[in-house]
Amino acid sequence: MEVGFVGLGNMGFPMARRLIERGHDVVAFDTRAAALERVAALGARPAASAREVADRTETVMASLPTPVASLEVATGAAGVIEGARIKRYVDLSTVGGRTARQIFDRLAERHIAAIDSPVSGGVSGAEKGTLAVTVSGPRDEFDVIRTALEAIGRPFYVGDKPGSAQTMKLANNILAANVLAATAEVVVMGVKAGLDPSVMIEVLNAGSGATSASRDKFPRSILPRTFDYGFATGLMVKDVRLYLEEAEALGVPTDVATTIARLWETTADDQGPDSDFTTVIKPLEKAAGVIVGRSPA
Ligand code: NAD
């Protein structure tokens, strides 16, 4: 099918590439010219704005870094809301329920369906097409885009209530944020006590302490000290804040999330929002006076 794609960053580029490889006709836009050139080289047709993408296609997907960017692309003066052909807008970004509902309401005024479709599984999942794609919005619209979503991962339809998929995604991400920070804290403790961090990770992965952090993030980006997993600290802080906002609005306990949030805010201050989120271990190392790395062979 013809698919518009706005936002060709760490996640958007590999998702757009998979759509092209599966034979979809992709019209693309990014504010960064280099990102647009890279996807055009794979066969996408470039556009000059999100609005132009929506002038040229009925289905527009977006993978954007902040709720503000999603609102602008969806409802701004040069956004898809002004497009001539668009029938449905599929937001693959993590924006939280409030922004998803705002976008849904604004686009509904122009008879454009908003499908809320955040993804999980990281850059490697986007490259392999194995993302968990959580979807909420009108069921008939989900049926129209299902095949396209299957190019990027496994779709899970969670209901027609706008924002539900965002709630599910934030539940996933707060857990990922928790286990990365908690695993970093215990590995720093072990190294301070004299344990080899590579051995620690092996033992954790064979036992009941295994987490997505010990399985993927430590071996790939922390032990080799490359800090290149592909998710920015600023994005993790955004997701943690969005989770807290939703949980507080619901009046549910947030003891664990509040503690973890402090660690992520410290990492953003210390390492900068553009740092990779695996640098969450660095402030802990600094405080403990140790470095966690693979011992020389
Ligand atoms: P990114 O910063 O790498 O990419 C965002 C892209 O959007 C950039 O290319 C940027 O130039 C473009 N952009 C920004 N504003 C724009 C605008 N107004 N119009 C057009 N293009 C614009 O971010 P990412 O890591 O790809 O994340 C995108 C979304 O996916 C975020 O909501 C993030 O939370 C979510 N996400 C990321 C990961 C991950 O591992 N990186 C995993 C799951 C979900």
# chains A, B, ... in the order shown; residues from 1 in each chain; ligands from 1
>>> select_by_dssp(residues="stretch 50-276 of chain A", states="helix (DSSP H, G or I)", output="ChimeraX atom specification")
/A:50-56,67-75,80-82,96-108,122-128,139-150,164-192,197-206,212-222,233-250,255-271
>>> closest_atom_pairs(of="stretch 140-215 of chain A", to="stretch 9-24 of chain A", cutoff="10 Å", atoms="only C-alpha atoms", output="Markdown table")
| residue | atom | partner | partner_atom | distance |
| --- | --- | --- | --- | --- |
| A:Thr147 | CA | A:Arg22 | CA | 9.8 |
| A:Ala148 | CA | A:Leu19 | CA | 6.9 |
| A:Leu149 | CA | A:Leu19 | CA | 8.6 |
| A:Glu150 | CA | A:Leu19 | CA | 9.2 |
| A:Ala151 | CA | A:Leu19 | CA | 5.8 |
| A:Ile152 | CA | A:Met15 | CA | 5.7 |
| A:Gly153 | CA | A:Met15 | CA | 9.1 |
>>> residues_near_ligand(ligand="ligand 1", cutoff="7 Å", atoms="only C-alpha atoms and all ligand atoms", output="PyMOL selection string")
chain A and resi 6-12+29-32+35+50+63-66+69+72-73+92-95+118-123+230-232+235+239
>>> write_last_selection(atoms="N, CA and C atoms", output="mmCIF file, in the first residue's frame")
data_model
loop_
_atom_site.group_PDB
_atom_site.id
_atom_site.type_symbol
_atom_site.label_atom_id
_atom_site.label_comp_id
_atom_site.auth_asym_id
_atom_site.auth_seq_id
_atom_site.Cartn_x
_atom_site.Cartn_y
_atom_site.Cartn_z
ATOM 1 N N VAL A 6 6.728 9.939 8.485
ATOM 2 C CA VAL A 6 7.339 11.188 8.981
ATOM 3 C C VAL A 6 8.184 10.855 10.217
ATOM 4 N N GLY A 7 9.472 11.249 10.167
ATOM 5 C CA GLY A 7 10.366 10.985 11.297
ATOM 6 C C GLY A 7 11.207 9.752 11.035
ATOM 7 N N LEU A 8 12.434 9.978 10.535
ATOM 8 C CA LEU A 8 13.275 8.860 10.071
ATOM 9 C C LEU A 8 14.529 8.753 10.937
ATOM 10 N N GLY A 9 14.308 8.679 12.242
ATOM 11 C CA GLY A 9 15.438 8.620 13.177
ATOM 12 C C GLY A 9 15.844 7.192 13.471
ATOM 13 N N ASN A 10 16.325 6.974 14.683
ATOM 14 C CA ASN A 10 16.810 5.640 15.083
ATOM 15 C C ASN A 10 15.773 4.557 14.809
ATOM 16 N N MET A 11 14.500 4.857 15.093
ATOM 17 C CA MET A 11 13.433 3.870 14.888
ATOM 18 C C MET A 11 12.774 4.036 13.525
ATOM 19 N N GLY A 12 12.506 5.283 13.136
ATOM 20 C CA GLY A 12 11.756 5.537 11.902
ATOM 21 C C GLY A 12 12.464 5.028 10.660
ATOM 22 N N PHE A 29 9.130 12.114 4.985
ATOM 23 C CA PHE A 29 9.588 13.464 5.358
ATOM 24 C C PHE A 29 10.288 13.410 6.708
ATOM 25 N N ASP A 30 11.383 14.178 6.807
ATOM 26 C CA ASP A 30 12.053 14.417 8.090
ATOM 27 C C ASP A 30 12.609 15.832 8.009
ATOM 28 N N THR A 31 12.685 16.508 9.141
ATOM 29 C CA THR A 31 13.250 17.863 9.142
ATOM 30 C C THR A 31 14.763 17.822 8.877
ATOM 31 N N ARG A 32 15.388 16.664 9.045
ATOM 32 C CA ARG A 32 16.825 16.533 8.755
ATOM 33 C C ARG A 32 16.995 16.045 7.320
ATOM 34 N N ALA A 35 18.597 12.579 6.776
ATOM 35 C CA ALA A 35 17.733 11.423 7.052
ATOM 36 C C ALA A 35 16.834 11.138 5.848
ATOM 37 N N ALA A 50 5.259 17.481 6.425
ATOM 38 C CA ALA A 50 4.299 16.446 6.825
ATOM 39 C C ALA A 50 2.989 16.659 6.056
ATOM 40 N N SER A 63 7.102 8.627 13.433
ATOM 41 C CA SER A 63 7.932 8.167 14.561
ATOM 42 C C SER A 63 8.762 9.359 15.020
ATOM 43 N N LEU A 64 8.242 10.056 16.039
ATOM 44 C CA LEU A 64 8.783 11.368 16.420
ATOM 45 C C LEU A 64 9.261 11.383 17.869
ATOM 46 N N PRO A 65 10.198 12.303 18.176
ATOM 47 C CA PRO A 65 10.887 12.210 19.471
ATOM 48 C C PRO A 65 10.129 12.727 20.693
ATOM 49 N N THR A 66 9.183 13.633 20.518
ATOM 50 C CA THR A 66 8.515 14.221 21.692
ATOM 51 C C THR A 66 7.016 14.389 21.426
ATOM 52 N N ALA A 69 6.521 17.377 19.167
ATOM 53 C CA ALA A 69 6.754 17.108 17.735
ATOM 54 C C ALA A 69 5.571 16.347 17.143
ATOM 55 N N GLU A 72 2.732 18.753 16.600
ATOM 56 C CA GLU A 72 3.012 19.656 15.484
ATOM 57 C C GLU A 72 2.819 18.940 14.140
ATOM 58 N N VAL A 73 3.354 17.727 14.044
ATOM 59 C CA VAL A 73 3.238 16.976 12.792
ATOM 60 C C VAL A 73 1.783 16.590 12.527
ATOM 61 N N LEU A 92 3.455 6.119 15.684
ATOM 62 C CA LEU A 92 4.272 5.024 16.212
ATOM 63 C C LEU A 92 5.141 5.496 17.380
ATOM 64 N N SER A 93 5.028 6.796 17.727
ATOM 65 C CA SER A 93 5.856 7.384 18.784
ATOM 66 C C SER A 93 5.253 7.098 20.163
ATOM 67 N N THR A 94 6.077 7.288 21.202
ATOM 68 C CA THR A 94 5.559 7.213 22.570
ATOM 69 C C THR A 94 5.231 8.635 23.004
ATOM 70 N N VAL A 95 3.942 8.941 23.124
ATOM 71 C CA VAL A 95 3.524 10.318 23.427
ATOM 72 C C VAL A 95 2.690 10.433 24.702
ATOM 73 N N PRO A 118 2.202 2.857 19.473
ATOM 74 C CA PRO A 118 3.600 2.892 19.920
ATOM 75 C C PRO A 118 4.260 1.519 19.790
ATOM 76 N N VAL A 119 5.563 1.544 19.615
ATOM 77 C CA VAL A 119 6.298 0.296 19.360
ATOM 78 C C VAL A 119 7.302 0.030 20.478
ATOM 79 N N SER A 120 7.659 -1.230 20.615
ATOM 80 C CA SER A 120 8.639 -1.598 21.634
ATOM 81 C C SER A 120 9.543 -2.699 21.081
ATOM 82 N N GLY A 121 10.804 -2.643 21.496
ATOM 83 C CA GLY A 121 11.744 -3.674 21.016
ATOM 84 C C GLY A 121 13.045 -3.069 20.541
ATOM 85 N N GLY A 122 13.145 -1.736 20.601
ATOM 86 C CA GLY A 122 14.418 -1.068 20.322
ATOM 87 C C GLY A 122 14.801 -1.048 18.861
ATOM 88 N N VAL A 123 15.973 -0.481 18.622
ATOM 89 C CA VAL A 123 16.455 -0.325 17.244
ATOM 90 C C VAL A 123 16.665 -1.700 16.595
ATOM 91 N N GLY A 230 21.088 2.833 21.258
ATOM 92 C CA GLY A 230 20.188 3.447 20.264
ATOM 93 C C GLY A 230 18.936 4.083 20.842
ATOM 94 N N PHE A 231 18.907 4.331 22.157
ATOM 95 C CA PHE A 231 17.748 5.012 22.751
ATOM 96 C C PHE A 231 18.316 6.112 23.642
ATOM 97 N N ALA A 232 17.876 7.346 23.412
ATOM 98 C CA ALA A 232 18.464 8.489 24.114
ATOM 99 C C ALA A 232 17.952 8.572 25.555
ATOM 100 N N LEU A 235 14.807 10.502 25.889
ATOM 101 C CA LEU A 235 13.576 9.781 25.549
ATOM 102 C C LEU A 235 13.107 8.924 26.733
ATOM 103 N N ASP A 239 9.576 9.194 28.793
ATOM 104 C CA ASP A 239 8.657 8.076 29.033
ATOM 105 C C ASP A 239 8.369 7.898 30.531
#
>>> select_by_dssp(residues="stretch 139-296 of chain A", states="strand (DSSP E or B)", output="VMD selection string")
chain A and resid 153 to 159 232 276
>>> residues_around(residues="A:Ala40", least_positions_apart="5", cutoff="10 Å", atoms="only C-alpha atoms", output="list in words")
Arg17, Val26, Val27, Ala28, Phe29, Ala34, Ala35, Arg45, Pro46 and Ala47 of chain A
>>> closest_residue(among="A:Leu131, A:Ala78, A:Leu71, A:Ala54", to="A:Arg106", atoms="only C-alpha atoms")
A:Leu71
>>> residues_around(residues="stretch 207-210 of chain A", least_positions_apart="4", cutoff="12 Å", atoms="only C-alpha atoms", output="PyMOL selection string")
chain A and resi 179-180+182-183+186-187+200-203+214-218
>>> write_last_selection(atoms="C-alpha atoms", output="PDB file, in the first residue's frame")
ATOM      1  CA  VAL A 179      15.300  -3.093  35.416  1.00  0.00           C
ATOM      2  CA  LEU A 180      18.076  -1.215  33.612  1.00  0.00           C
ATOM      3  CA  ALA A 182      18.300  -1.650  39.108  1.00  0.00           C
ATOM      4  CA  THR A 183      20.677  -3.964  37.206  1.00  0.00           C
ATOM      5  CA  VAL A 186      23.619  -4.069  41.600  1.00  0.00           C
ATOM      6  CA  VAL A 187      26.453  -4.576  39.102  1.00  0.00           C
ATOM      7  CA  MET A 200      28.089 -11.298  37.221  1.00  0.00           C
ATOM      8  CA  ILE A 201      26.066 -10.872  34.037  1.00  0.00           C
ATOM      9  CA  GLU A 202      26.567 -14.532  33.100  1.00  0.00           C
ATOM     10  CA  VAL A 203      25.403 -15.684  36.523  1.00  0.00           C
ATOM     11  CA  SER A 214      21.351  -8.188  31.785  1.00  0.00           C
ATOM     12  CA  ARG A 215      20.402 -10.101  28.624  1.00  0.00           C
ATOM     13  CA  ASP A 216      20.767  -7.318  26.043  1.00  0.00           C
ATOM     14  CA  LYS A 217      21.960  -3.929  27.291  1.00  0.00           C
ATOM     15  CA  PHE A 218      24.910  -5.027  29.414  1.00  0.00           C
TER      16      PHE A 218
END
>>> closest_residue(among="A:Ile112, A:Ala62, A:Ala41, A:Ala33", to="A:Gly4", atoms="only C-alpha atoms")
A:Ala62
>>> residues_around(residues="A:Met61", least_positions_apart="2", cutoff="6 Å", atoms="only C-alpha atoms", output="number ranges by chain")
A: 4-5, 89-91
>>> atom_distance(atom1="atom CA of A:Leu263", atom2="atom CA of A:Glu185")
10.2 Å
>>> residues_around(residues="A:Lys282", least_positions_apart="4", cutoff="9 Å", atoms="only C-alpha atoms", output="list in words")
Ala184, Thr267, Asp270, Gln271, Thr278, Lys286, Ala287, Ile291 and Val292 of chain A
>>> write_last_selection(atoms="C-alpha atoms", output="CSV table (one decimal), in the first residue's frame")
chain,number,residue,atom,x,y,z
A,184,ALA,CA,23.2,-1.1,36.9
A,267,THR,CA,21.5,10.7,34.3
A,270,ASP,CA,24.9,14.3,34.3
A,271,GLN,CA,25.3,12.7,30.8
A,278,THR,CA,22.8,2.8,28.9
A,286,LYS,CA,31.0,7.9,39.8
A,287,ALA,CA,29.3,7.7,43.2
A,291,ILE,CA,34.2,1.4,36.4
A,292,VAL,CA,32.2,-1.5,35.1
>>> closest_residue(among="A:Gly79, A:Gly234, A:Gly129, A:Pro67", to="A:Ser275", atoms="only C-alpha atoms")
A:Gly234
>>> residues_around(residues="A:Lys161", least_positions_apart="2", cutoff="12 Å", atoms="only C-alpha atoms", output="list in words")
Gly97, Ala100, Arg101, Phe104, Asp105, Ala114, Ile115, Asp116, Val135, Ser136, Gly137, Pro138, Arg139, Tyr157, Val158, Gly159, Gly163, Ser164, Ala165, Gln166 and Thr167 of chain A
>>> atom_distance(atom1="atom CA of A:Gly190", atom2="atom CA of A:Asp269")
25.2 Å
>>> atom_distance(atom1="atom CA of A:Glu127", atom2="atom CA of A:Asn172")
19.8 Å
>>> closest_residue(among="A:Ile81, A:Val256, A:Ala247, A:Leu284", to="A:Met168", atoms="only C-alpha atoms")
A:Ala247
>>> decode(residues="stretch 135-151 of chain A", atoms="N, CA and C atoms", output="CSV table (one decimal), in the first residue's frame")
chain,number,residue,atom,x,y,z
A,135,VAL,N,-1.6,-1.3,19.5
A,135,VAL,CA,-2.5,-0.4,18.7
A,135,VAL,C,-3.8,-0.2,19.4
A,136,SER,N,-4.3,1.1,19.4
A,136,SER,CA,-5.6,1.4,19.8
A,136,SER,C,-6.2,2.4,18.9
A,137,GLY,N,-7.5,2.4,18.7
A,137,GLY,CA,-8.2,3.2,17.8
A,137,GLY,C,-9.3,2.4,17.1
A,138,PRO,N,-9.9,3.0,16.0
A,138,PRO,CA,-11.0,2.4,15.4
A,138,PRO,C,-10.6,1.0,14.8
A,139,ARG,N,-11.3,0.0,15.1
A,139,ARG,CA,-11.0,-1.4,14.7
A,139,ARG,C,-10.9,-1.5,13.1
A,140,ASP,N,-11.8,-0.9,12.4
A,140,ASP,CA,-11.8,-1.0,11.0
A,140,ASP,C,-10.6,-0.4,10.4
A,141,GLU,N,-10.1,0.7,11.0
A,141,GLU,CA,-8.9,1.3,10.5
A,141,GLU,C,-7.6,0.4,10.8
A,142,PHE,N,-7.7,-0.2,11.9
A,142,PHE,CA,-6.6,-1.2,12.2
A,142,PHE,C,-6.5,-2.3,11.2
A,143,ASP,N,-7.7,-2.7,10.8
A,143,ASP,CA,-7.7,-3.8,9.7
A,143,ASP,C,-7.1,-3.3,8.4
A,144,VAL,N,-7.3,-2.0,8.1
A,144,VAL,CA,-6.7,-1.5,6.9
A,144,VAL,C,-5.2,-1.5,6.9
A,145,ILE,N,-4.6,-1.2,8.1
A,145,ILE,CA,-3.2,-1.0,8.1
A,145,ILE,C,-2.4,-2.2,8.7
A,146,ARG,N,-3.2,-3.2,9.0
A,146,ARG,CA,-2.6,-4.4,9.7
A,146,ARG,C,-1.3,-5.0,8.9
A,147,THR,N,-1.5,-5.1,7.6
A,147,THR,CA,-0.4,-5.7,6.8
A,147,THR,C,0.8,-4.8,6.8
A,148,ALA,N,0.6,-3.5,6.7
A,148,ALA,CA,1.7,-2.6,6.8
A,148,ALA,C,2.4,-2.7,8.2
A,149,LEU,N,1.6,-2.8,9.2
A,149,LEU,CA,2.2,-2.9,10.6
A,149,LEU,C,3.0,-4.2,10.7
A,150,GLU,N,2.5,-5.3,10.1
A,150,GLU,CA,3.2,-6.5,10.1
A,150,GLU,C,4.6,-6.5,9.5
A,151,ALA,N,4.8,-5.5,8.7
A,151,ALA,CA,6.2,-5.3,8.1
A,151,ALA,C,7.2,-4.9,9.2
